[in-house]
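Engineer: Below is the file input-v6.tsv, with TSV, C-alpha atoms.
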chain	number	residue	atom	x	y	z
A	1	MET	CA	66.48	-279.10	31.24
A	2	ASN	CA	65.76	-276.36	33.78
A	3	MET	CA	63.19	-276.99	36.51
A	4	GLY	CA	61.50	-273.63	35.90
A	5	ILE	CA	58.13	-272.78	34.39
A	6	ASP	CA	57.38	-271.18	31.03
A	7	VAL	CA	53.98	-269.47	30.89
A	8	VAL	CA	51.59	-268.99	27.95
A	9	VAL	CA	48.60	-266.64	28.07
A	10	VAL	CA	46.18	-266.15	25.20
A	11	SER	CA	44.61	-262.70	25.35
A	12	TYR	CA	41.50	-261.54	23.55
A	13	ASN	CA	40.22	-258.16	24.73
A	14	SER	CA	41.65	-259.03	28.14
A	15	SER	CA	43.23	-255.71	29.17
A	16	ARG	CA	41.18	-255.38	32.36
A	17	TYR	CA	42.29	-258.81	33.64
A	18	LEU	CA	45.99	-258.85	32.75
A	19	PRO	CA	47.30	-256.71	35.66
A	20	ARG	CA	45.88	-259.11	38.25
A	21	LEU	CA	47.36	-262.15	36.51
A	22	ALA	CA	50.75	-260.49	36.04
A	23	SER	CA	50.92	-259.59	39.71
A	24	SER	CA	50.16	-263.14	40.85
A	25	LEU	CA	52.77	-264.62	38.48
A	26	ALA	CA	55.42	-262.12	39.57
A	27	GLU	CA	54.77	-262.94	43.23
A	28	ALA	CA	55.28	-266.66	42.57
A	29	ARG	CA	58.88	-266.09	41.40
A	30	LEU	CA	58.95	-269.44	39.61
A	31	CYS	CA	58.53	-268.38	35.99
A	32	GLY	CA	61.34	-268.31	33.46
A	33	SER	CA	59.53	-266.85	30.48
A	34	VAL	CA	56.06	-265.50	29.75
A	35	ALA	CA	54.54	-265.46	26.26
A	36	ILE	CA	51.39	-263.42	25.67
A	37	VAL	CA	49.70	-264.40	22.42
A	38	ASP	CA	47.18	-261.73	21.50
A	39	ASN	CA	44.41	-262.95	19.22
A	40	ALA	CA	43.55	-259.70	17.42
A	41	SER	CA	42.30	-257.76	20.46
A	42	THR	CA	40.77	-254.34	19.92
A	43	ASP	CA	41.16	-253.07	23.49
A	44	GLY	CA	44.93	-252.58	23.63
A	45	SER	CA	45.60	-255.85	25.45
A	46	ALA	CA	49.03	-256.27	23.87
A	47	ALA	CA	50.18	-252.81	24.93
A	48	VAL	CA	48.85	-253.37	28.46
A	49	ALA	CA	50.73	-256.67	28.68
A	50	GLU	CA	53.97	-255.06	27.57
A	51	GLY	CA	53.68	-252.43	30.29
A	52	LEU	CA	53.26	-254.91	33.17
A	53	GLU	CA	55.82	-256.59	35.41
A	54	TRP	CA	55.52	-260.36	35.01
A	55	GLY	CA	58.51	-261.44	37.07
A	56	ALA	CA	60.04	-263.13	34.03
A	57	GLN	CA	61.25	-262.49	30.51
A	58	LEU	CA	58.26	-261.37	28.44
A	59	ARG	CA	57.42	-261.89	24.80
A	60	VAL	CA	54.22	-260.53	23.25
A	61	LEU	CA	53.06	-262.10	19.98
A	62	ILE	CA	50.33	-260.28	18.08
A	63	ASN	CA	48.08	-262.14	15.64
A	64	ARG	CA	46.23	-260.18	12.97
A	65	GLU	CA	43.26	-262.51	13.29
A	66	ASN	CA	41.86	-264.73	16.01
A	67	THR	CA	43.45	-268.14	15.48
A	68	GLY	CA	41.61	-269.86	18.32
A	69	PHE	CA	42.75	-270.88	21.78
A	70	GLY	CA	44.66	-274.11	21.13
A	71	ALA	CA	46.52	-272.84	18.08
A	72	ALA	CA	47.58	-269.72	19.97
A	73	ILE	CA	48.85	-271.78	22.92
A	74	ASN	CA	50.94	-273.92	20.57
A	75	GLN	CA	52.27	-270.75	18.95
A	76	GLY	CA	53.33	-269.33	22.31
A	77	ILE	CA	55.09	-272.51	23.38
A	78	LYS	CA	57.02	-272.71	20.11
A	79	SER	CA	58.25	-269.15	20.68
A	80	PHE	CA	60.18	-269.97	23.85
A	81	GLU	CA	63.94	-269.83	23.64
A	82	SER	CA	64.25	-271.42	27.08
A	83	GLU	CA	63.80	-275.12	27.81
A	84	ASN	CA	62.11	-275.11	31.20
A	85	GLU	CA	60.67	-278.44	32.25
A	86	PHE	CA	57.16	-277.17	32.99
A	87	LEU	CA	54.58	-275.28	30.93
A	88	LEU	CA	51.85	-273.22	32.57
A	89	ILE	CA	48.78	-272.51	30.45
A	90	VAL	CA	46.67	-269.86	32.14
A	91	ASN	CA	43.75	-267.64	31.17
A	92	PRO	CA	44.04	-263.85	31.46
A	93	ASP	CA	41.13	-263.69	33.92
A	94	VAL	CA	42.86	-265.96	36.44
A	95	GLN	CA	44.53	-264.97	39.69
A	96	LEU	CA	46.86	-267.60	41.11
A	97	GLY	CA	46.96	-268.22	44.84
A	98	PRO	CA	50.30	-267.79	46.64
A	99	HIS	CA	50.85	-271.56	46.89
A	100	THR	CA	49.33	-272.61	43.58
A	101	LEU	CA	52.43	-273.00	41.43
A	102	PRO	CA	54.64	-274.58	44.13
A	103	VAL	CA	51.95	-277.17	44.93
A	104	LEU	CA	51.26	-277.98	41.27
A	105	LYS	CA	54.96	-278.18	40.46
A	106	ALA	CA	55.61	-280.50	43.42
A	107	ALA	CA	52.77	-282.75	42.28
A	108	LEU	CA	54.22	-283.12	38.79
A	109	ALA	CA	57.70	-283.71	40.19
A	110	SER	CA	56.37	-286.50	42.42
A	111	ASP	CA	55.36	-288.83	39.58
A	112	SER	CA	56.92	-289.05	36.13
A	113	ARG	CA	53.66	-290.43	34.68
A	114	LEU	CA	51.78	-287.26	35.56
A	115	ALA	CA	51.45	-285.23	32.38
A	116	CYS	CA	49.26	-282.39	33.57
A	117	VAL	CA	47.79	-281.09	36.82
A	118	GLY	CA	45.27	-278.38	37.63
A	119	PRO	CA	44.21	-276.48	40.77
A	120	GLN	CA	40.86	-275.96	42.44
A	121	LEU	CA	39.10	-273.01	40.80
A	122	VAL	CA	36.96	-270.54	42.73
A	123	THR	CA	35.26	-267.21	42.12
A	124	SER	CA	36.52	-264.03	43.77
A	125	GLY	CA	33.88	-264.68	46.42
A	126	GLY	CA	35.35	-268.11	47.17
A	127	GLN	CA	32.62	-270.17	45.50
A	128	ALA	CA	33.93	-273.38	43.96
A	129	VAL	CA	33.54	-273.68	40.18
A	130	SER	CA	34.22	-276.50	37.76
A	131	SER	CA	37.89	-277.51	37.87
A	132	ALA	CA	38.07	-281.13	36.71
A	133	ARG	CA	35.65	-283.62	35.21
A	134	ALA	CA	35.35	-287.16	33.94
A	135	LEU	CA	35.87	-287.62	30.21
A	136	PRO	CA	32.65	-287.39	28.16
A	137	THR	CA	30.90	-290.57	27.10
A	138	PRO	CA	28.03	-291.05	24.64
A	139	TRP	CA	25.64	-291.37	27.61
A	140	SER	CA	26.90	-288.23	29.37
A	141	ILE	CA	26.66	-286.21	26.15
A	142	ALA	CA	23.18	-287.45	25.25
A	143	SER	CA	21.90	-286.83	28.78
A	144	ARG	CA	23.87	-283.58	29.08
A	145	ARG	CA	25.25	-284.71	32.44
A	146	ILE	CA	28.70	-283.92	33.78
A	147	THR	CA	30.70	-285.58	36.55
A	148	GLU	CA	32.74	-283.15	38.60
A	149	GLN	CA	35.87	-284.65	40.18
A	150	VAL	CA	37.03	-283.00	43.40
A	151	PRO	CA	39.95	-284.13	45.60
A	152	VAL	CA	39.33	-284.88	49.25
A	153	GLY	CA	41.85	-283.74	51.84
A	154	ASN	CA	45.50	-283.67	50.81
A	155	GLU	CA	45.11	-285.55	47.55
A	156	ILE	CA	46.38	-285.76	44.00
A	157	LEU	CA	43.27	-287.10	42.28
A	158	ASN	CA	43.35	-288.72	38.85
A	159	VAL	CA	40.69	-287.09	36.64
A	160	GLY	CA	39.52	-287.27	33.07
A	161	TRP	CA	40.47	-283.70	32.27
A	162	VAL	CA	41.29	-280.42	33.98
A	163	CYS	CA	39.95	-277.02	32.99
A	164	GLY	CA	42.11	-275.22	30.43
A	165	ALA	CA	41.89	-272.01	32.47
A	166	VAL	CA	44.90	-273.26	34.48
A	167	MET	CA	46.98	-276.27	33.45
A	168	LEU	CA	50.55	-277.09	34.43
A	169	TRP	CA	52.11	-279.50	31.95
A	170	ARG	CA	55.32	-281.44	31.92
A	171	ARG	CA	56.90	-280.15	28.71
A	172	SER	CA	57.94	-283.62	27.52
A	173	ALA	CA	54.36	-284.86	27.94
A	174	PHE	CA	52.89	-281.87	26.11
A	175	GLU	CA	55.26	-282.54	23.22
A	176	LYS	CA	54.56	-286.28	23.30
A	177	VAL	CA	50.82	-285.75	22.74
A	178	GLY	CA	51.45	-283.14	20.03
A	179	GLY	CA	50.15	-280.12	21.94
A	180	PHE	CA	46.64	-278.81	21.46
A	181	SER	CA	44.60	-279.88	18.45
A	182	SER	CA	43.96	-276.80	16.32
A	183	GLU	CA	40.75	-278.34	14.90
A	184	TYR	CA	38.99	-276.81	17.91
A	185	PHE	CA	38.60	-273.04	17.77
A	186	LEU	CA	37.29	-272.74	21.33
A	187	TYR	CA	36.06	-275.29	23.91
A	188	PHE	CA	36.88	-278.99	24.19
A	189	GLU	CA	40.55	-278.47	23.33
A	190	ASP	CA	41.38	-279.07	27.00
A	191	VAL	CA	39.24	-282.23	27.05
A	192	ASP	CA	40.92	-283.44	23.87
A	193	ILE	CA	44.52	-282.94	25.02
A	194	CYS	CA	43.85	-284.67	28.33
A	195	ARG	CA	42.25	-287.57	26.43
A	196	LYS	CA	45.43	-287.77	24.34
A	197	ALA	CA	47.52	-287.90	27.51
A	198	TRP	CA	45.52	-290.83	28.90
A	199	ASP	CA	45.81	-292.61	25.54
A	200	ALA	CA	49.60	-292.17	25.76
A	201	ASP	CA	49.63	-293.98	29.14
A	202	LEU	CA	50.10	-290.73	31.03
A	203	ARG	CA	48.01	-289.34	33.88
A	204	VAL	CA	46.02	-286.16	34.45
A	205	ALA	CA	45.17	-284.97	37.95
A	206	THR	CA	43.74	-282.19	40.06
A	207	VAL	CA	45.49	-281.19	43.26
A	208	SER	CA	44.12	-280.07	46.60
A	209	GLY	CA	45.99	-277.22	48.28
A	210	ALA	CA	46.36	-275.36	44.98
A	211	GLU	CA	43.72	-272.71	44.32
A	212	ALA	CA	43.14	-270.07	41.64
A	213	VAL	CA	40.46	-267.45	41.09
A	214	HIS	CA	38.58	-267.77	37.81
A	215	ASP	CA	35.63	-265.40	37.52
A	216	GLN	CA	34.67	-265.00	33.90
A	217	GLY	CA	31.51	-266.60	32.55
A	218	HIS	CA	30.35	-268.69	35.50
A	219	GLY	CA	26.59	-268.79	36.01
A	220	LYS	CA	25.87	-266.89	32.80
A	221	GLU	CA	24.22	-268.01	29.59
A	222	PRO	CA	26.83	-268.04	26.79
A	223	SER	CA	26.37	-265.65	23.91
A	224	PRO	CA	25.02	-267.13	20.64
A	225	LEU	CA	28.54	-267.02	19.18
A	226	LEU	CA	30.11	-268.85	22.12
A	227	LYS	CA	27.29	-271.39	22.05
A	228	LYS	CA	28.02	-271.95	18.37
A	229	TYR	CA	31.73	-272.59	19.09
A	230	SER	CA	30.83	-274.95	21.94
A	231	ASP	CA	28.40	-276.93	19.81
A	232	GLU	CA	30.87	-277.23	16.95
A	233	SER	CA	33.64	-278.40	19.28
A	234	ARG	CA	31.36	-280.96	20.93
A	235	ARG	CA	30.61	-282.41	17.49
A	236	ILE	CA	34.32	-282.57	16.62
A	237	TYR	CA	35.24	-284.25	19.90
A	238	SER	CA	32.39	-286.76	19.73
A	239	ARG	CA	33.12	-287.73	16.14
A	240	LYS	CA	36.87	-288.00	16.82
A	241	TRP	CA	36.84	-289.97	20.07
A	242	LEU	CA	33.42	-291.65	20.34
A	243	GLY	CA	32.58	-292.55	16.74
A	244	MET	CA	29.00	-293.29	15.70
A	245	PRO	CA	27.71	-293.56	19.31
A	246	GLY	CA	29.14	-290.10	19.93
A	247	ILE	CA	27.57	-288.65	16.79
A	248	ALA	CA	24.21	-290.10	17.81
A	249	ALA	CA	24.62	-288.72	21.33
A	250	VAL	CA	25.25	-285.22	20.02
A	251	ALA	CA	22.16	-285.43	17.82
A	252	ILE	CA	20.06	-286.34	20.88
A	253	ALA	CA	21.59	-283.56	22.98
A	254	GLU	CA	21.02	-280.95	20.27
A	255	ALA	CA	17.39	-282.04	19.84
A	256	VAL	CA	16.76	-281.76	23.58
A	257	GLU	CA	18.45	-278.36	23.70
A	258	LYS	CA	16.38	-277.10	20.79
A	259	ILE	CA	13.15	-278.22	22.45
A	260	THR	CA	14.22	-276.62	25.74
A	261	SER	CA	15.05	-273.37	23.96
A	262	LEU	CA	11.67	-273.31	22.20
A	263	LYS	CA	9.86	-273.88	25.50
A	264	ARG	CA	11.76	-270.99	27.09
A	265	SER	CA	10.89	-268.73	24.16
A	266	LYS	CA	7.18	-269.57	24.47
A	267	LEU	CA	7.21	-268.96	28.23
A	268	GLY	CA	8.95	-265.64	27.67
A	269	ALA	CA	6.34	-264.60	25.13
A	270	LEU	CA	3.55	-265.35	27.59
A	271	LYS	CA	4.99	-263.12	30.31
What does the file become when written as structure tokens?
Structural biologist:
Amino acid sequence: MNMGIDVVVVSYNSSRYLPRLASSLAEARLCGSVAIVDNASTDGSAAVAEGLEWGAQLRVLINRENTGFGAAINQGIKSFESENEFLLIVNPDVQLGPHTLPVLKAALASDSRLACVGPQLVTSGGQAVSSARALPTPWSIASRRITEQVPVGNEILNVGWVCGAVMLWRRSAFEKVGGFSSEYFLYFEDVDICRKAWDADLRVATVSGAEAVHDQGHGKEPSPLLKKYSDESRRIYSRKWLGMPGIAAVAIAEAVEKITSLKRSKLGALK
């Protein structure tokens, strides 16, 4: 198997972001193939992708309807004719740093038990954003608390899961865990696949010295549709991995969120 990297990008109305991503991948000069899976965009994303220089063989797959993130990633990976050892899953709105892929690749190569690694994510202004977290528990879901996991110094830090915006997988590990679970349309598919890796006696880690810009969505309230997808995926994950305690935890979290939303609405009406 070749030591190169095959890249999968799922685009959905992503035309404004794709040139920046393409440029950063081309500069890395480590990619063997790039698959763009377009999930029924209406902004010409597929045509934009085809007109860019990616520094690798390009294939653009166009779906007539939005199949969801995980299903589209699996589709892209199955389309590769090459057999490169590593798989890079990256969002369209990401810009990779100059050392990101070499550092991530070296980390995976250093330990055969490492299934997946992720970089440190920042905004364009350099502000750190969520990159890796502990796996959810019934308590963390019910209390709506998260535990960020950040490496210190020159470290490969074991984590529960890494953000799906940028993930470098060992192909054999991705195949061993069965890829992404298509039961999730959006959100929690990255948590789920990392949970599957740990259950298969593999490791997931985040790596210092590897950085990527990820701007979209941070610090903003999600739209009602995105909130709906997130809530549905949280229920699926909790039922699948945490059983009855997880189901109860979600019920508590949803009740708290509903009360909080009602309070905000009343305060807004009084202003």
Engineer: Would you list the contacts of segment 19-27 of chain A as a compact mmCIF listing (two decimals) with C-alpha atoms, keeping the file's coordinate frame, taking every protein, DNA or RNA residue within 10 Å and counting all atoms listed in the file, but skipping same-chain residues closer than 6 positions in sequence?
Structural biologist:
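Writing done, so here's around.txt:
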# COMPACT_ATOMS: atom_id res chain seq x y z
CA VAL A 7 53.98 -269.47 30.89
CA VAL A 9 48.60 -266.64 28.07
CA VAL A 34 56.06 -265.50 29.75
CA VAL A 48 48.85 -253.37 28.46
CA ALA A 49 50.73 -256.67 28.68
CA GLY A 51 53.68 -252.43 30.29
CA LEU A 52 53.26 -254.91 33.17
CA GLU A 53 55.82 -256.59 35.41
CA TRP A 54 55.52 -260.36 35.01
CA GLY A 55 58.51 -261.44 37.07
CA ALA A 56 60.04 -263.13 34.03
CA VAL A 90 46.67 -269.86 32.14
CA ASN A 91 43.75 -267.64 31.17
CA PRO A 92 44.04 -263.85 31.46
CA ASP A 93 41.13 -263.69 33.92
CA VAL A 94 42.86 -265.96 36.44
CA GLN A 95 44.53 -264.97 39.69
CA LEU A 96 46.86 -267.60 41.11
CA GLY A 97 46.96 -268.22 44.84
CA PRO A 98 50.30 -267.79 46.64
CA THR A 100 49.33 -272.61 43.58
CA LEU A 101 52.43 -273.00 41.43
CA ALA A 212 43.14 -270.07 41.64
CA VAL A 213 40.46 -267.45 41.09
Engineer: List the neighbours of Trp241 of chain A out to 12 Å using only C-alpha atoms; skip same-chain residues closer than 5 positions along the sequence, and give me the result as a ChimeraX atom specification.
Structural biologist: /A:135-138,188,191-193,195-196,199,234-236,246-247
Engineer: For the selection just defined, write its residues with C-alpha atoms to a file, as a PDB file, keeping the file's coordinate frame.
Structural biologist:
ATOM      1  CA  LEU A 135      35.870-287.620  30.210  1.00  0.00           C
ATOM      2  CA  PRO A 136      32.650-287.390  28.160  1.00  0.00           C
ATOM      3  CA  THR A 137      30.900-290.570  27.100  1.00  0.00           C
ATOM      4  CA  PRO A 138      28.030-291.050  24.640  1.00  0.00           C
ATOM      5  CA  PHE A 188      36.880-278.990  24.190  1.00  0.00           C
ATOM      6  CA  VAL A 191      39.240-282.230  27.050  1.00  0.00           C
ATOM      7  CA  ASP A 192      40.920-283.440  23.870  1.00  0.00           C
ATOM      8  CA  ILE A 193      44.520-282.940  25.020  1.00  0.00           C
ATOM      9  CA  ARG A 195      42.250-287.570  26.430  1.00  0.00           C
ATOM     10  CA  LYS A 196      45.430-287.770  24.340  1.00  0.00           C
ATOM     11  CA  ASP A 199      45.810-292.610  25.540  1.00  0.00           C
ATOM     12  CA  ARG A 234      31.360-280.960  20.930  1.00  0.00           C
ATOM     13  CA  ARG A 235      30.610-282.410  17.490  1.00  0.00           C
ATOM     14  CA  ILE A 236      34.320-282.570  16.620  1.00  0.00           C
ATOM     15  CA  GLY A 246      29.140-290.100  19.930  1.00  0.00           C
ATOM     16  CA  ILE A 247      27.570-288.650  16.790  1.00  0.00           C
TER      17      ILE A 247
END
Engineer: Hey, what's within 10 Å of segment 178-184 of chain A if we count all atoms listed in the file and toss same-chain stuff fewer than 6 positions away? As a VMD selection string, please?
Structural biologist: chain A and resid 67 to 74 77 171 to 172 190 to 194 196 to 197 229 to 230 232 to 234 236 to 237
Engineer: Between A:Ser124, A:Asp201, A:Gly164, A:Thr206, which has the minimum distance to Val152 of chain A (counting all atoms listed in the file)?
Structural biologist: A:Thr206
Engineer: Within 10 Å of Arg59 of chain A, counting only C-alpha atoms, which residues show up once you throw out same-chain ones fewer than 5 positions away? Write them as a list in words, please.
Structural biologist: Val8, Ser33, Val34, Ala35, Ile36, Val37, Ala49, Glu50, Gly76, Ser79 and Phe80 of chain A
